Amino acid sequence: MTSSSASRVTIAPCERCRCETQHDLLHSHIERDSEEDHGTWWSTENEMLKCRGCNTVMLRRTDYFSEDCGADGRPIATVKNFPSPSPRKRPEWVERLSPELAGLMDEIHEARRGPMVRLIAMGVRAVIDVILNLEIGDVGGFDEKLKALLGKGLISARQRELLATVVDAGSAAGHRGFKPNIVLIDAMIDTVENLLHSQYIVDPMVEQQKLNIPPRPPRPSKGEKKPLALEIAPAAVLPPPPKREPPLKGK
């Protein structure tokens with residue numbers, strides 16, 4: 001077991017910068033062990049790193065095992081970062097949602113790091129359930145609530161189909177052992193984020209901004225002549241044409 005605080009620079013993914021950046025090594029701790037009877041060994045290196053761009057501190061763990069080797073016979077490094085970089089960026093507008101909806105979306109994005117697909121599917125279903133209860137009330141099942149949401153004009157027929165599929169996938173993950181793939185999971189998150197953004201961010205903003213739009217001027221009633229926007233200038237007076245003398249006889 002060895003520890004070190006020597007300063008050096010390494011490349012690692014940064015959660016805040018959302019890309020690989022230069023990191024300063026703040027501290028390093030290495031543990032090694034082996035089994036002589038089997039001729040195997042393993043080591044674990046834990047490093048504390050700080051991003052040079054945003055100063056975010058993270059941990060990196062690198063494991064080696066003598067039996068896990070590549071084609072060249074060298075042990076393959078297994079690297080894990082804490083926190084692990086998220087493939088999706090949490091929308092900033094999530095903070096403007098209600099505490100219940102914002103909390104659910106935070107947990108969904110945290111589970112996406114795994115990715116913990118079953119938990120994400122059930123979490124997305126829970127978000128839709130909360131939205132339906134807020135807009136329709138706790139009356140009937142999901143199908144009845146989605147029909148009522150469509151009837152109120154809050155969603156389109158196509159959105160109803162998508163939400164029904166998302167709800168079914170979440171129910172299958174919780175009760176039928178279904179494990180959705182990552183493509184479906186991201187589509188489910190996209191669907192519920194679009195609904196939240198439209199219903200609770202864009203719609204209230206547009207309603208508020210309607211007050212700043214000047215009204216149209218009233219239309220003239222029938223029979224009332226609409227005044228011309230431009231005055232027509234009087235025609236210019238031209239001088240009379242010159243008199244022509246009659247031609248002389250014989251010419």
# chains A, B, ... in the order shown; residues from 1 in each chain; ligands from 1
>>> closest_atom_pairs(of="segment 124-179 of chain A", to="segment 192-195 of chain A", cutoff="12 Å", atoms="only C-alpha atoms", output="JSON lines")
{"residue": "A:Val124", "atom": "CA", "partner": "A:Val192", "partner_atom": "CA", "distance": 6.9}
{"residue": "A:Arg125", "atom": "CA", "partner": "A:Val192", "partner_atom": "CA", "distance": 8.9}
{"residue": "A:Ala126", "atom": "CA", "partner": "A:Val192", "partner_atom": "CA", "distance": 10.4}
{"residue": "A:Val127", "atom": "CA", "partner": "A:Val192", "partner_atom": "CA", "distance": 7.6}
{"residue": "A:Ile128", "atom": "CA", "partner": "A:Val192", "partner_atom": "CA", "distance": 7.1}
{"residue": "A:Asp129", "atom": "CA", "partner": "A:Val192", "partner_atom": "CA", "distance": 10.9}
{"residue": "A:Val130", "atom": "CA", "partner": "A:Val192", "partner_atom": "CA", "distance": 11.4}
{"residue": "A:Ile131", "atom": "CA", "partner": "A:Leu195", "partner_atom": "CA", "distance": 9.2}
{"residue": "A:Leu132", "atom": "CA", "partner": "A:Leu195", "partner_atom": "CA", "distance": 11.3}
{"residue": "A:Leu149", "atom": "CA", "partner": "A:Leu195", "partner_atom": "CA", "distance": 11.9}
{"residue": "A:Leu154", "atom": "CA", "partner": "A:Leu195", "partner_atom": "CA", "distance": 9.5}
{"residue": "A:Ile155", "atom": "CA", "partner": "A:Leu195", "partner_atom": "CA", "distance": 8.4}
{"residue": "A:Ser156", "atom": "CA", "partner": "A:Leu195", "partner_atom": "CA", "distance": 10.9}
{"residue": "A:Gln159", "atom": "CA", "partner": "A:Leu195", "partner_atom": "CA", "distance": 8.7}
{"residue": "A:Arg160", "atom": "CA", "partner": "A:Leu195", "partner_atom": "CA", "distance": 10.8}
{"residue": "A:Leu162", "atom": "CA", "partner": "A:Val192", "partner_atom": "CA", "distance": 9.6}
{"residue": "A:Leu163", "atom": "CA", "partner": "A:Val192", "partner_atom": "CA", "distance": 8.0}
{"residue": "A:Ala164", "atom": "CA", "partner": "A:Val192", "partner_atom": "CA", "distance": 11.5}
{"residue": "A:Thr165", "atom": "CA", "partner": "A:Val192", "partner_atom": "CA", "distance": 11.6}
{"residue": "A:Val166", "atom": "CA", "partner": "A:Val192", "partner_atom": "CA", "distance": 8.7}
{"residue": "A:Val167", "atom": "CA", "partner": "A:Val192", "partner_atom": "CA", "distance": 10.4}
>>> write_last_selection(atoms="N, CA and C atoms", output="PDB file, in the first residue's frame")
ATOM      1  N   VAL A 124     -39.732   7.614 -15.250  1.00  0.00           N
ATOM      2  CA  VAL A 124     -40.443   8.363 -16.295  1.00  0.00           C
ATOM      3  C   VAL A 124     -41.951   8.125 -16.168  1.00  0.00           C
ATOM      4  N   ARG A 125     -42.340   6.896 -15.895  1.00  0.00           N
ATOM      5  CA  ARG A 125     -43.765   6.591 -15.690  1.00  0.00           C
ATOM      6  C   ARG A 125     -44.310   7.377 -14.501  1.00  0.00           C
ATOM      7  N   ALA A 126     -43.516   7.496 -13.438  1.00  0.00           N
ATOM      8  CA  ALA A 126     -43.956   8.260 -12.272  1.00  0.00           C
ATOM      9  C   ALA A 126     -44.133   9.741 -12.605  1.00  0.00           C
ATOM     10  N   VAL A 127     -43.249  10.296 -13.439  1.00  0.00           N
ATOM     11  CA  VAL A 127     -43.376  11.703 -13.844  1.00  0.00           C
ATOM     12  C   VAL A 127     -44.692  11.918 -14.592  1.00  0.00           C
ATOM     13  N   ILE A 128     -45.013  11.016 -15.520  1.00  0.00           N
ATOM     14  CA  ILE A 128     -46.262  11.147 -16.272  1.00  0.00           C
ATOM     15  C   ILE A 128     -47.457  11.031 -15.343  1.00  0.00           C
ATOM     16  N   ASP A 129     -47.364  10.150 -14.359  1.00  0.00           N
ATOM     17  CA  ASP A 129     -48.456   9.999 -13.391  1.00  0.00           C
ATOM     18  C   ASP A 129     -48.682  11.298 -12.620  1.00  0.00           C
ATOM     19  N   VAL A 130     -47.597  11.953 -12.207  1.00  0.00           N
ATOM     20  CA  VAL A 130     -47.716  13.220 -11.482  1.00  0.00           C
ATOM     21  C   VAL A 130     -48.362  14.288 -12.375  1.00  0.00           C
ATOM     22  N   ILE A 131     -47.930  14.362 -13.636  1.00  0.00           N
ATOM     23  CA  ILE A 131     -48.504  15.347 -14.558  1.00  0.00           C
ATOM     24  C   ILE A 131     -50.004  15.111 -14.736  1.00  0.00           C
ATOM     25  N   LEU A 132     -50.397  13.856 -14.913  1.00  0.00           N
ATOM     26  CA  LEU A 132     -51.807  13.544 -15.105  1.00  0.00           C
ATOM     27  C   LEU A 132     -52.626  13.894 -13.874  1.00  0.00           C
ATOM     28  N   LEU A 149     -56.733  14.181 -20.985  1.00  0.00           N
ATOM     29  CA  LEU A 149     -55.716  15.174 -21.338  1.00  0.00           C
ATOM     30  C   LEU A 149     -55.844  15.576 -22.803  1.00  0.00           C
ATOM     31  N   LEU A 154     -54.571  19.532 -24.184  1.00  0.00           N
ATOM     32  CA  LEU A 154     -53.220  19.712 -23.641  1.00  0.00           C
ATOM     33  C   LEU A 154     -52.184  18.883 -24.383  1.00  0.00           C
ATOM     34  N   ILE A 155     -52.600  17.827 -25.062  1.00  0.00           N
ATOM     35  CA  ILE A 155     -51.698  17.006 -25.864  1.00  0.00           C
ATOM     36  C   ILE A 155     -52.391  16.697 -27.181  1.00  0.00           C
ATOM     37  N   SER A 156     -51.586  16.316 -28.169  1.00  0.00           N
ATOM     38  CA  SER A 156     -52.126  15.920 -29.468  1.00  0.00           C
ATOM     39  C   SER A 156     -52.374  14.411 -29.479  1.00  0.00           C
ATOM     40  N   GLN A 159     -49.065  12.679 -29.439  1.00  0.00           N
ATOM     41  CA  GLN A 159     -48.457  12.683 -28.111  1.00  0.00           C
ATOM     42  C   GLN A 159     -49.117  11.659 -27.200  1.00  0.00           C
ATOM     43  N   ARG A 160     -50.412  11.490 -27.357  1.00  0.00           N
ATOM     44  CA  ARG A 160     -51.097  10.484 -26.544  1.00  0.00           C
ATOM     45  C   ARG A 160     -50.555   9.089 -26.834  1.00  0.00           C
ATOM     46  N   LEU A 162     -47.542   8.342 -27.955  1.00  0.00           N
ATOM     47  CA  LEU A 162     -46.187   8.239 -27.404  1.00  0.00           C
ATOM     48  C   LEU A 162     -46.222   8.051 -25.898  1.00  0.00           C
ATOM     49  N   LEU A 163     -47.055   8.819 -25.204  1.00  0.00           N
ATOM     50  CA  LEU A 163     -47.138   8.711 -23.752  1.00  0.00           C
ATOM     51  C   LEU A 163     -47.668   7.345 -23.333  1.00  0.00           C
ATOM     52  N   ALA A 164     -48.618   6.812 -24.087  1.00  0.00           N
ATOM     53  CA  ALA A 164     -49.136   5.482 -23.774  1.00  0.00           C
ATOM     54  C   ALA A 164     -48.038   4.424 -23.895  1.00  0.00           C
ATOM     55  N   THR A 165     -47.186   4.559 -24.912  1.00  0.00           N
ATOM     56  CA  THR A 165     -46.074   3.620 -25.072  1.00  0.00           C
ATOM     57  C   THR A 165     -45.074   3.759 -23.933  1.00  0.00           C
ATOM     58  N   VAL A 166     -44.773   5.001 -23.546  1.00  0.00           N
ATOM     59  CA  VAL A 166     -43.831   5.236 -22.454  1.00  0.00           C
ATOM     60  C   VAL A 166     -44.378   4.668 -21.149  1.00  0.00           C
ATOM     61  N   VAL A 167     -45.649   4.891 -20.882  1.00  0.00           N
ATOM     62  CA  VAL A 167     -46.260   4.365 -19.662  1.00  0.00           C
ATOM     63  C   VAL A 167     -46.222   2.836 -19.660  1.00  0.00           C
TER      64      VAL A 167
END
>>> select_by_dssp(residues="segment 2-238 of chain A", states="alpha helix (DSSP H)", output="short mmCIF file (atom, residue, chain, number, x, y, z; two decimals) with N, CA and C atoms, in the first residue's frame")
data_model
loop_
_atom_site.label_atom_id
_atom_site.label_comp_id
_atom_site.auth_asym_id
_atom_site.auth_seq_id
_atom_site.Cartn_x
_atom_site.Cartn_y
_atom_site.Cartn_z
N PRO A 99 -41.29 21.05 -6.85
CA PRO A 99 -40.29 20.21 -6.17
C PRO A 99 -40.45 18.72 -6.48
N GLU A 100 -41.69 18.25 -6.59
CA GLU A 100 -41.91 16.83 -6.85
C GLU A 100 -41.40 16.44 -8.24
N LEU A 101 -41.76 17.22 -9.26
CA LEU A 101 -41.32 16.91 -10.62
C LEU A 101 -39.82 17.11 -10.77
N ALA A 102 -39.28 18.19 -10.19
CA ALA A 102 -37.83 18.43 -10.29
C ALA A 102 -37.06 17.31 -9.60
N GLY A 103 -37.55 16.82 -8.45
CA GLY A 103 -36.86 15.73 -7.76
C GLY A 103 -36.85 14.46 -8.58
N LEU A 104 -37.98 14.14 -9.21
CA LEU A 104 -38.04 12.95 -10.05
C LEU A 104 -37.08 13.05 -11.24
N MET A 105 -37.04 14.23 -11.88
CA MET A 105 -36.16 14.39 -13.03
C MET A 105 -34.69 14.32 -12.61
N ASP A 106 -34.35 14.84 -11.44
CA ASP A 106 -32.97 14.73 -10.95
C ASP A 106 -32.58 13.27 -10.75
N GLU A 107 -33.49 12.48 -10.19
CA GLU A 107 -33.19 11.06 -9.97
C GLU A 107 -33.07 10.32 -11.30
N ILE A 108 -33.89 10.69 -12.28
CA ILE A 108 -33.82 10.04 -13.59
C ILE A 108 -32.46 10.31 -14.24
N HIS A 109 -32.00 11.57 -14.18
CA HIS A 109 -30.71 11.90 -14.79
C HIS A 109 -29.55 11.27 -14.01
N GLU A 110 -29.70 11.12 -12.72
CA GLU A 110 -28.66 10.46 -11.94
C GLU A 110 -28.60 8.97 -12.30
N ALA A 111 -29.77 8.35 -12.50
CA ALA A 111 -29.81 6.94 -12.89
C ALA A 111 -29.28 6.73 -14.30
N VAL A 117 -31.50 1.25 -16.32
CA VAL A 117 -32.59 1.41 -17.27
C VAL A 117 -33.95 1.12 -16.65
N ARG A 118 -34.05 0.13 -15.79
CA ARG A 118 -35.36 -0.18 -15.19
C ARG A 118 -35.81 0.96 -14.28
N LEU A 119 -34.89 1.48 -13.49
CA LEU A 119 -35.25 2.59 -12.61
C LEU A 119 -35.65 3.83 -13.42
N ILE A 120 -34.96 4.07 -14.55
CA ILE A 120 -35.31 5.21 -15.39
C ILE A 120 -36.72 5.04 -15.96
N ALA A 121 -37.04 3.84 -16.46
CA ALA A 121 -38.36 3.59 -17.05
C ALA A 121 -39.46 3.81 -16.02
N MET A 122 -39.25 3.29 -14.80
CA MET A 122 -40.26 3.47 -13.76
C MET A 122 -40.33 4.93 -13.31
N GLY A 123 -39.19 5.63 -13.32
CA GLY A 123 -39.18 7.04 -12.95
C GLY A 123 -39.92 7.89 -13.96
N VAL A 124 -39.73 7.61 -15.25
CA VAL A 124 -40.44 8.36 -16.30
C VAL A 124 -41.95 8.12 -16.17
N ARG A 125 -42.34 6.90 -15.90
CA ARG A 125 -43.77 6.59 -15.69
C ARG A 125 -44.31 7.38 -14.50
N ALA A 126 -43.52 7.50 -13.44
CA ALA A 126 -43.96 8.26 -12.27
C ALA A 126 -44.13 9.74 -12.61
N VAL A 127 -43.25 10.30 -13.44
CA VAL A 127 -43.38 11.70 -13.84
C VAL A 127 -44.69 11.92 -14.59
N ILE A 128 -45.01 11.02 -15.52
CA ILE A 128 -46.26 11.15 -16.27
C ILE A 128 -47.46 11.03 -15.34
N ASP A 129 -47.36 10.15 -14.36
CA ASP A 129 -48.46 10.00 -13.39
C ASP A 129 -48.68 11.30 -12.62
N VAL A 130 -47.60 11.95 -12.21
CA VAL A 130 -47.72 13.22 -11.48
C VAL A 130 -48.36 14.29 -12.37
N ILE A 131 -47.93 14.36 -13.64
CA ILE A 131 -48.50 15.35 -14.56
C ILE A 131 -50.00 15.11 -14.74
N LEU A 132 -50.40 13.86 -14.91
CA LEU A 132 -51.81 13.54 -15.10
C LEU A 132 -52.63 13.89 -13.87
N ASN A 133 -52.09 13.62 -12.70
CA ASN A 133 -52.81 13.96 -11.47
C ASN A 133 -52.94 15.46 -11.30
N LEU A 134 -51.92 16.21 -11.72
CA LEU A 134 -51.99 17.67 -11.62
C LEU A 134 -53.02 18.25 -12.57
N GLU A 135 -53.10 17.71 -13.78
CA GLU A 135 -53.95 18.28 -14.81
C GLU A 135 -55.36 17.68 -14.81
N PHE A 142 -54.46 5.07 -16.44
CA PHE A 142 -53.67 5.90 -17.34
C PHE A 142 -54.41 6.18 -18.65
N ASP A 143 -55.09 5.18 -19.20
CA ASP A 143 -55.78 5.37 -20.48
C ASP A 143 -56.85 6.46 -20.36
N GLU A 144 -57.65 6.39 -19.29
CA GLU A 144 -58.70 7.39 -19.11
C GLU A 144 -58.10 8.78 -18.91
N LYS A 145 -56.99 8.86 -18.16
CA LYS A 145 -56.36 10.16 -17.93
C LYS A 145 -55.77 10.74 -19.21
N LEU A 146 -55.17 9.88 -20.03
CA LEU A 146 -54.62 10.37 -21.29
C LEU A 146 -55.73 10.84 -22.22
N LYS A 147 -56.87 10.13 -22.24
CA LYS A 147 -58.00 10.58 -23.03
C LYS A 147 -58.50 11.94 -22.56
N ALA A 148 -58.57 12.11 -21.23
CA ALA A 148 -59.02 13.39 -20.69
C ALA A 148 -58.03 14.50 -21.03
N LEU A 149 -56.73 14.18 -20.99
CA LEU A 149 -55.72 15.17 -21.34
C LEU A 149 -55.84 15.58 -22.80
N LEU A 150 -56.13 14.61 -23.66
CA LEU A 150 -56.36 14.89 -25.08
C LEU A 150 -57.62 15.73 -25.26
N GLY A 151 -58.66 15.41 -24.50
CA GLY A 151 -59.90 16.16 -24.60
C GLY A 151 -59.76 17.61 -24.18
N ALA A 157 -53.02 13.94 -30.53
CA ALA A 157 -53.27 12.51 -30.65
C ALA A 157 -51.96 11.74 -30.74
N ARG A 158 -50.99 12.31 -31.44
CA ARG A 158 -49.69 11.64 -31.55
C ARG A 158 -48.99 11.59 -30.20
N GLN A 159 -49.06 12.68 -29.44
CA GLN A 159 -48.46 12.68 -28.11
C GLN A 159 -49.12 11.66 -27.20
N ARG A 160 -50.41 11.49 -27.36
CA ARG A 160 -51.10 10.48 -26.54
C ARG A 160 -50.56 9.09 -26.83
N GLU A 161 -50.31 8.79 -28.11
CA GLU A 161 -49.75 7.49 -28.46
C GLU A 161 -48.36 7.30 -27.86
N LEU A 162 -47.54 8.34 -27.96
CA LEU A 162 -46.19 8.24 -27.40
C LEU A 162 -46.22 8.05 -25.90
N LEU A 163 -47.06 8.82 -25.20
CA LEU A 163 -47.14 8.71 -23.75
C LEU A 163 -47.67 7.35 -23.33
N ALA A 164 -48.62 6.81 -24.09
CA ALA A 164 -49.14 5.48 -23.77
C ALA A 164 -48.04 4.42 -23.89
N THR A 165 -47.19 4.56 -24.91
CA THR A 165 -46.07 3.62 -25.07
C THR A 165 -45.07 3.76 -23.93
N VAL A 166 -44.77 5.00 -23.55
CA VAL A 166 -43.83 5.24 -22.45
C VAL A 166 -44.38 4.67 -21.15
N VAL A 167 -45.65 4.89 -20.88
CA VAL A 167 -46.26 4.37 -19.66
C VAL A 167 -46.22 2.84 -19.66
N ASP A 168 -46.51 2.22 -20.80
CA ASP A 168 -46.49 0.76 -20.88
C ASP A 168 -45.09 0.21 -20.66
N ALA A 169 -44.07 0.89 -21.20
CA ALA A 169 -42.69 0.44 -20.99
C ALA A 169 -42.31 0.54 -19.51
N GLY A 170 -42.73 1.62 -18.85
CA GLY A 170 -42.44 1.75 -17.43
C GLY A 170 -43.15 0.70 -16.60
N SER A 171 -44.40 0.37 -16.95
CA SER A 171 -45.14 -0.67 -16.24
C SER A 171 -44.48 -2.04 -16.46
N ALA A 172 -44.04 -2.30 -17.69
CA ALA A 172 -43.40 -3.58 -17.99
C ALA A 172 -42.09 -3.73 -17.24
N ALA A 173 -41.34 -2.62 -17.09
CA ALA A 173 -40.08 -2.68 -16.35
C ALA A 173 -40.31 -2.96 -14.87
N GLY A 174 -41.42 -2.45 -14.34
CA GLY A 174 -41.69 -2.63 -12.91
C GLY A 174 -42.39 -3.93 -12.57
N HIS A 175 -43.17 -4.48 -13.52
CA HIS A 175 -44.01 -5.63 -13.18
C HIS A 175 -43.81 -6.85 -14.06
N ILE A 182 -31.07 1.15 -24.27
CA ILE A 182 -30.73 2.55 -24.02
C ILE A 182 -31.37 3.47 -25.05
N VAL A 183 -31.63 2.97 -26.26
CA VAL A 183 -32.29 3.81 -27.28
C VAL A 183 -33.70 4.15 -26.83
N LEU A 184 -34.43 3.15 -26.34
CA LEU A 184 -35.78 3.39 -25.85
C LEU A 184 -35.76 4.29 -24.62
N ILE A 185 -34.79 4.08 -23.74
CA ILE A 185 -34.70 4.89 -22.52
C ILE A 185 -34.52 6.37 -22.86
N ASP A 186 -33.61 6.68 -23.77
CA ASP A 186 -33.40 8.08 -24.15
C ASP A 186 -34.64 8.65 -24.83
N ALA A 187 -35.34 7.84 -25.61
CA ALA A 187 -36.58 8.31 -26.24
C ALA A 187 -37.64 8.60 -25.19
N MET A 188 -37.71 7.78 -24.15
CA MET A 188 -38.67 8.01 -23.06
C MET A 188 -38.35 9.31 -22.32
N ILE A 189 -37.07 9.54 -22.06
CA ILE A 189 -36.68 10.78 -21.38
C ILE A 189 -36.98 11.98 -22.26
N ASP A 190 -36.69 11.87 -23.56
CA ASP A 190 -37.00 12.97 -24.49
C ASP A 190 -38.49 13.28 -24.48
N THR A 191 -39.31 12.25 -24.49
CA THR A 191 -40.76 12.45 -24.54
C THR A 191 -41.27 13.19 -23.32
N VAL A 192 -40.83 12.77 -22.14
CA VAL A 192 -41.34 13.40 -20.92
C VAL A 192 -40.74 14.79 -20.73
N GLU A 193 -39.50 15.01 -21.17
CA GLU A 193 -38.91 16.35 -21.08
C GLU A 193 -39.63 17.32 -22.03
N ASN A 194 -39.98 16.86 -23.22
CA ASN A 194 -40.72 17.72 -24.14
C ASN A 194 -42.08 18.11 -23.56
N LEU A 195 -42.75 17.15 -22.92
CA LEU A 195 -44.05 17.45 -22.32
C LEU A 195 -43.91 18.44 -21.17
N LEU A 196 -42.93 18.23 -20.31
CA LEU A 196 -42.72 19.14 -19.18
C LEU A 196 -42.36 20.54 -19.65
N HIS A 197 -41.46 20.61 -20.62
CA HIS A 197 -41.01 21.92 -21.11
C HIS A 197 -42.16 22.68 -21.76
N ASP A 203 -45.58 27.22 -22.25
CA ASP A 203 -46.96 27.71 -22.24
C ASP A 203 -47.17 28.86 -21.26
N PRO A 204 -46.73 28.78 -20.00
CA PRO A 204 -46.90 29.93 -19.10
C PRO A 204 -46.16 31.17 -19.58
N MET A 205 -44.98 30.98 -20.18
CA MET A 205 -44.21 32.12 -20.67
C MET A 205 -44.95 32.82 -21.81
N VAL A 206 -45.52 32.04 -22.74
CA VAL A 206 -46.25 32.62 -23.86
C VAL A 206 -47.50 33.35 -23.36
N GLU A 207 -48.21 32.75 -22.41
CA GLU A 207 -49.40 33.40 -21.86
C GLU A 207 -49.05 34.73 -21.20
N GLN A 208 -47.92 34.77 -20.53
CA GLN A 208 -47.51 36.01 -19.89
C GLN A 208 -47.09 37.06 -20.91
N GLN A 209 -46.39 36.63 -21.95
CA GLN A 209 -45.92 37.57 -22.96
C GLN A 209 -47.03 38.07 -23.87
#
>>> residues_around(residues="Thr62 of chain A", least_positions_apart="4", cutoff="8 Å", atoms="only C-alpha atoms", output="VMD selection string")
chain A and resid 44 to 46 77 to 80
>>> select_by_dssp(residues="segment 32-240 of chain A", states="strand (DSSP E or B)", output="ChimeraX atom specification")
/A:32-35,40-51,57-65,69,75,78-82
>>> residues_around(residues="Thr10 of chain A", least_positions_apart="5", cutoff="7 Å", atoms="only C-alpha atoms", output="ChimeraX atom specification")
/A:22-24
>>> atom_distance(atom1="atom CA of Phe82 of chain A", atom2="atom CA of Cys69 of chain A")
24.4 Å
>>> residues_around(residues="Leu25 of chain A", least_positions_apart="5", cutoff="12 Å", atoms="only C-alpha atoms", output="ChimeraX atom specification")
/A:4-12,46-52,55,57-60
>>> write_last_selection(atoms="N, CA, C and O atoms", output="mmCIF file, in the first residue's frame")
data_model
loop_
_atom_site.group_PDB
_atom_site.id
_atom_site.type_symbol
_atom_site.label_atom_id
_atom_site.label_comp_id
_atom_site.auth_asym_id
_atom_site.auth_seq_id
_atom_site.Cartn_x
_atom_site.Cartn_y
_atom_site.Cartn_z
ATOM 1 N N SER A 4 0.579 8.891 -2.234
ATOM 2 C CA SER A 4 1.404 9.936 -2.813
ATOM 3 C C SER A 4 0.564 11.183 -3.021
ATOM 4 O O SER A 4 -0.632 11.109 -3.295
ATOM 5 N N SER A 5 1.195 12.328 -2.870
ATOM 6 C CA SER A 5 0.533 13.598 -3.156
ATOM 7 C C SER A 5 1.350 14.402 -4.161
ATOM 8 O O SER A 5 1.283 15.616 -4.195
ATOM 9 N N ALA A 6 2.176 13.689 -4.957
ATOM 10 C CA ALA A 6 3.013 14.368 -5.944
ATOM 11 C C ALA A 6 2.137 15.032 -6.994
ATOM 12 O O ALA A 6 1.120 14.483 -7.422
ATOM 13 N N SER A 7 2.539 16.209 -7.421
ATOM 14 C CA SER A 7 1.757 16.967 -8.383
ATOM 15 C C SER A 7 2.107 16.518 -9.793
ATOM 16 O O SER A 7 3.267 16.482 -10.180
ATOM 17 N N ARG A 8 1.075 16.148 -10.559
ATOM 18 C CA ARG A 8 1.246 15.840 -11.969
ATOM 19 C C ARG A 8 -0.065 16.107 -12.668
ATOM 20 O O ARG A 8 -1.106 16.289 -12.042
ATOM 21 N N VAL A 9 -0.010 16.143 -14.003
ATOM 22 C CA VAL A 9 -1.181 16.468 -14.806
ATOM 23 C C VAL A 9 -1.612 15.222 -15.568
ATOM 24 O O VAL A 9 -0.774 14.494 -16.115
ATOM 25 N N THR A 10 -2.929 14.969 -15.594
ATOM 26 C CA THR A 10 -3.475 13.832 -16.318
ATOM 27 C C THR A 10 -4.750 14.261 -17.032
ATOM 28 O O THR A 10 -5.340 15.301 -16.713
ATOM 29 N N ILE A 11 -5.178 13.473 -17.985
ATOM 30 C CA ILE A 11 -6.391 13.756 -18.746
ATOM 31 C C ILE A 11 -7.528 12.898 -18.198
ATOM 32 O O ILE A 11 -7.363 11.690 -17.997
ATOM 33 N N ALA A 12 -8.674 13.530 -17.959
ATOM 34 C CA ALA A 12 -9.837 12.811 -17.434
ATOM 35 C C ALA A 12 -11.105 13.544 -17.861
ATOM 36 O O ALA A 12 -11.078 14.750 -18.115
ATOM 37 N N ASN A 46 -6.341 4.629 -6.454
ATOM 38 C CA ASN A 46 -7.367 5.651 -6.272
ATOM 39 C C ASN A 46 -6.706 7.019 -6.335
ATOM 40 O O ASN A 46 -5.737 7.280 -5.619
ATOM 41 N N GLU A 47 -7.256 7.888 -7.201
ATOM 42 C CA GLU A 47 -6.680 9.221 -7.402
ATOM 43 C C GLU A 47 -7.744 10.296 -7.177
ATOM 44 O O GLU A 47 -8.897 10.136 -7.594
ATOM 45 N N MET A 48 -7.321 11.364 -6.530
ATOM 46 C CA MET A 48 -8.168 12.537 -6.403
ATOM 47 C C MET A 48 -7.667 13.582 -7.389
ATOM 48 O O MET A 48 -6.507 14.004 -7.328
ATOM 49 N N LEU A 49 -8.563 14.004 -8.323
ATOM 50 C CA LEU A 49 -8.175 14.888 -9.409
ATOM 51 C C LEU A 49 -8.990 16.181 -9.347
ATOM 52 O O LEU A 49 -10.139 16.186 -8.906
ATOM 53 N N LYS A 50 -8.394 17.268 -9.831
ATOM 54 C CA LYS A 50 -9.093 18.550 -9.912
ATOM 55 C C LYS A 50 -8.939 19.112 -11.314
ATOM 56 O O LYS A 50 -7.830 19.248 -11.828
ATOM 57 N N CYS A 51 -10.089 19.434 -11.926
ATOM 58 C CA CYS A 51 -10.090 19.956 -13.291
ATOM 59 C C CYS A 51 -9.408 21.318 -13.327
ATOM 60 O O CYS A 51 -9.697 22.199 -12.511
ATOM 61 N N ARG A 52 -8.547 21.512 -14.303
ATOM 62 C CA ARG A 52 -7.867 22.801 -14.455
ATOM 63 C C ARG A 52 -8.764 23.860 -15.099
ATOM 64 O O ARG A 52 -8.435 25.040 -15.067
ATOM 65 N N ASN A 55 -12.175 23.638 -11.850
ATOM 66 C CA ASN A 55 -11.794 23.315 -10.463
ATOM 67 C C ASN A 55 -12.686 22.266 -9.809
ATOM 68 O O ASN A 55 -12.701 22.135 -8.578
ATOM 69 N N VAL A 57 -13.613 18.742 -8.425
ATOM 70 C CA VAL A 57 -12.819 17.626 -7.887
ATOM 71 C C VAL A 57 -13.561 16.322 -8.136
ATOM 72 O O VAL A 57 -14.783 16.235 -7.953
ATOM 73 N N MET A 58 -12.844 15.297 -8.574
ATOM 74 C CA MET A 58 -13.427 13.991 -8.845
ATOM 75 C C MET A 58 -12.469 12.901 -8.372
ATOM 76 O O MET A 58 -11.309 13.165 -8.041
ATOM 77 N N LEU A 59 -12.960 11.684 -8.307
ATOM 78 C CA LEU A 59 -12.155 10.522 -7.951
ATOM 79 C C LEU A 59 -12.075 9.578 -9.144
ATOM 80 O O LEU A 59 -13.052 9.414 -9.875
ATOM 81 N N ARG A 60 -10.902 8.974 -9.316
ATOM 82 C CA ARG A 60 -10.714 7.992 -10.376
ATOM 83 C C ARG A 60 -10.109 6.725 -9.782
ATOM 84 O O ARG A 60 -9.123 6.781 -9.048
#
>>> decode(residues="segment 197-217 of chain A", atoms="C-alpha atoms", output="mmCIF file, in the first residue's frame")
data_model
loop_
_atom_site.group_PDB
_atom_site.id
_atom_site.type_symbol
_atom_site.label_atom_id
_atom_site.label_comp_id
_atom_site.auth_asym_id
_atom_site.auth_seq_id
_atom_site.Cartn_x
_atom_site.Cartn_y
_atom_site.Cartn_z
ATOM 1 C CA HIS A 197 -41.014 21.923 -21.108
ATOM 2 C CA SER A 198 -44.100 22.628 -23.206
ATOM 3 C CA GLN A 199 -46.649 22.406 -20.386
ATOM 4 C CA TYR A 200 -44.857 24.153 -17.524
ATOM 5 C CA ILE A 201 -42.183 26.351 -19.119
ATOM 6 C CA VAL A 202 -43.170 27.460 -22.630
ATOM 7 C CA ASP A 203 -46.964 27.710 -22.236
ATOM 8 C CA PRO A 204 -46.900 29.926 -19.102
ATOM 9 C CA MET A 205 -44.210 32.119 -20.670
ATOM 10 C CA VAL A 206 -46.250 32.622 -23.861
ATOM 11 C CA GLU A 207 -49.399 33.400 -21.860
ATOM 12 C CA GLN A 208 -47.507 36.013 -19.886
ATOM 13 C CA GLN A 209 -45.917 37.569 -22.962
ATOM 14 C CA LYS A 210 -49.322 37.881 -24.667
ATOM 15 C CA LEU A 211 -49.906 40.934 -22.475
ATOM 16 C CA ASN A 212 -47.003 42.706 -24.170
ATOM 17 C CA ILE A 213 -48.370 42.268 -27.693
ATOM 18 C CA PRO A 214 -50.237 45.419 -28.877
ATOM 19 C CA PRO A 215 -53.826 44.753 -29.990
ATOM 20 C CA ARG A 216 -54.975 45.106 -33.571
ATOM 21 C CA PRO A 217 -56.706 48.406 -34.444
#
